[in-house]
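J.: So that we are looking at the same thing, I have put the structure below in structure tokens.
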Amino acid sequence: MAVMKRSALGRGLDALITMDDLKTGGSSSISEIELSKIQPNPDQPRSVFEEETLEELATSIRSLGVIQPITLKETGPDKYMIISGERRYRASLKAGLERIPAYIKTAADENVVEMALIENIQREDLNSIEIALAYQKLIDSYGLTQEKLSERVGKKRATIANYLRLLKLPAEIQMGLKDKKIDMGHARALLPVEDPEVQLALYEQILAEGLSVRNVEEIVRGGVDAAALEQAKKEKSAERKPRLPEEFNLLKDHLSSFFNTKVQLVCNDKGKGKITIPFASEDELERLIGLLDKLK
């Protein structure tokens, strides 16, 4: 076992890039631990584990086993909490394993939770919101300033501030960022907008029109409000909506008059379309069927 020469947190994230380097003030050893005795870490910043990638890892584990041990904290007799490696733990369950190789923390260490968060923050597959929540968790739990957090995780203070600002966006936009409907560049472009309604309107426009980050930045620089965005959206929709030839409009009006309901008729440039006859109740449906029967 390698001996830690100085605090891992003092060295920043470089100390946490591999499981072998994840050390705390306590001792550790490698053991084979029953999966049934392991519990996930409640402070795990990653909230989404993609089923497809988990299955791929499980397939690899069935073939080659768990190559890199996970790291656990002993919480009681035959009880362990995951410090890092929950994805490998989940994949091992899928693979049908009963045991998993693990580094065990056997000595009390008050920094274990803090290190678990930091170890996970540096992983590239965390989404922006998960990273932001992890930063906020460290600040709240340990009373850190952004400057102190910057020193501990080896990231620039401006980078941390940018992530934390994402948590001020409306929940719908945060979910869109988490679900990869937009990227962090889009989200950062929305931050200068103070009105949440305008932010949401712009978010909907990004999704509807596939706006680039530069497009959003230009819109924000030009100044926007919710009413203007809604009007622009309606105008765009009207531009995209194909106009019916006059004879089709006459047919639509004739059908609406005959059925005594607002008939919808749409048609593309190739002449393909559909006629929709709406009804508000079963009685009205029976009335329409009666009219159709008379046409026969």
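Residue numbering restarts at 1 in every chain; chains get A, B, ... in the order shown in the structure tokens, and ligands count up from 1 in that same order.
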When you look at region 84-88 of chain A with a cut-off of 7 Å (counting only C-alpha atoms), what residues show up, excluding the ones that are within fewer than 2 positions of it in the same chain? I need them as a list in words.
T.: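 Residues meeting the cut-off are Pro40, Ile70, Thr71, Ile82, Arg90, Ala91, Ser92 and Ala116 of chain A.
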J.: I'd like to know which residues of region 58-185 of chain A are alpha helix (DSSP H) (by DSSP, run on the backbone); could you write them as number ranges by chain?
T.: A: 58-64, 86-95, 112-121, 128-142, 146-153, 157-165, 171-178, 184-185
J.: Near Lys37 (chain A), within 7 Å and counting only C-alpha atoms, which residues show up once chain neighbours fewer than 6 positions away are dropped, as a PDB file with N, CA and C atoms, in the first residue's frame?
T.:
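Final output, out28.pdb:
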ATOM      1  N   ASP A  78     -19.481  -5.577   9.305  1.00  0.00           N
ATOM      2  CA  ASP A  78     -19.945  -6.074   8.002  1.00  0.00           C
ATOM      3  C   ASP A  78     -20.844  -5.085   7.278  1.00  0.00           C
ATOM      4  N   LYS A  79     -20.585  -3.787   7.469  1.00  0.00           N
ATOM      5  CA  LYS A  79     -21.344  -2.753   6.776  1.00  0.00           C
ATOM      6  C   LYS A  79     -20.360  -1.758   6.168  1.00  0.00           C
ATOM      7  N   TYR A  80     -20.629  -1.378   4.891  1.00  0.00           N
ATOM      8  CA  TYR A  80     -19.696  -0.510   4.186  1.00  0.00           C
ATOM      9  C   TYR A  80     -20.467   0.526   3.368  1.00  0.00           C
TER      10      TYR A  80
END
J.: Applying 10 Å and only C-alpha atoms, which residues near Arg214 (chain A) remain after dropping the ones on its own chain fewer than 4 positions away? List them as a PDB file with C-alpha atoms, in the first residue's frame.
T.:
ATOM      1  CA  GLY A 185     -22.754  27.163 -23.246  1.00  0.00           C
ATOM      2  CA  HIS A 186     -26.482  27.697 -23.827  1.00  0.00           C
ATOM      3  CA  ALA A 189     -25.738  32.521 -22.313  1.00  0.00           C
ATOM      4  CA  GLU A 218     -26.752  37.706 -29.857  1.00  0.00           C
ATOM      5  CA  ILE A 219     -30.410  37.617 -28.813  1.00  0.00           C
ATOM      6  CA  VAL A 220     -29.525  38.384 -25.185  1.00  0.00           C
TER       7      VAL A 220
END
J.: What does the distance from CA of Ile100 (chain A) to CA of Glu32 (chain A) come to in Å, to one decimal?
T.: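 These atoms are spaced 5.4 Å apart.
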J.: Using only C-alpha atoms, which of A:Leu251, A:Gly96, A:Leu169, A:Ser128 sits nearest Ser36 (chain A)?
T.: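 Using only C-alpha atoms, Ser36 (chain A) sits closest to A:Gly96.
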J.: Quote the spacing between CA of Ile67 (chain A) and CA of Pro101 (chain A) in Å to one decimal place.
T.: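 Pair CA of Ile67 (chain A) / CA of Pro101 (chain A) returns 8.5 Å.
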J.: Restricting the calculation to only C-alpha atoms: of A:Leu202, A:Lys105, A:Asn162, A:Leu211, which residue gets closest to Met184 (chain A)?
T.: A:Asn162
J.: Which is closest to Leu292 (chain A) among A:Ile277, A:Glu74, A:Cys267, A:Gln205, if we use only C-alpha atoms?
T.: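 Counting only C-alpha atoms, the residue closest to Leu292 (chain A) is A:Ile277.
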J.: For Glu172 (chain A), which residue among A:Asn249, A:Gln146, A:Ser281, A:Gln199 is the nearest when counting only C-alpha atoms?
T.: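 For Glu172 (chain A), the nearest of the given residues is A:Gln199.
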J.: Counting only C-alpha atoms, which residue out of A:Lys73, A:Ile173, A:Ser141, A:Ala161 sits closest to Ala201 (chain A)?
T.: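 Closest candidate: A:Ile173.
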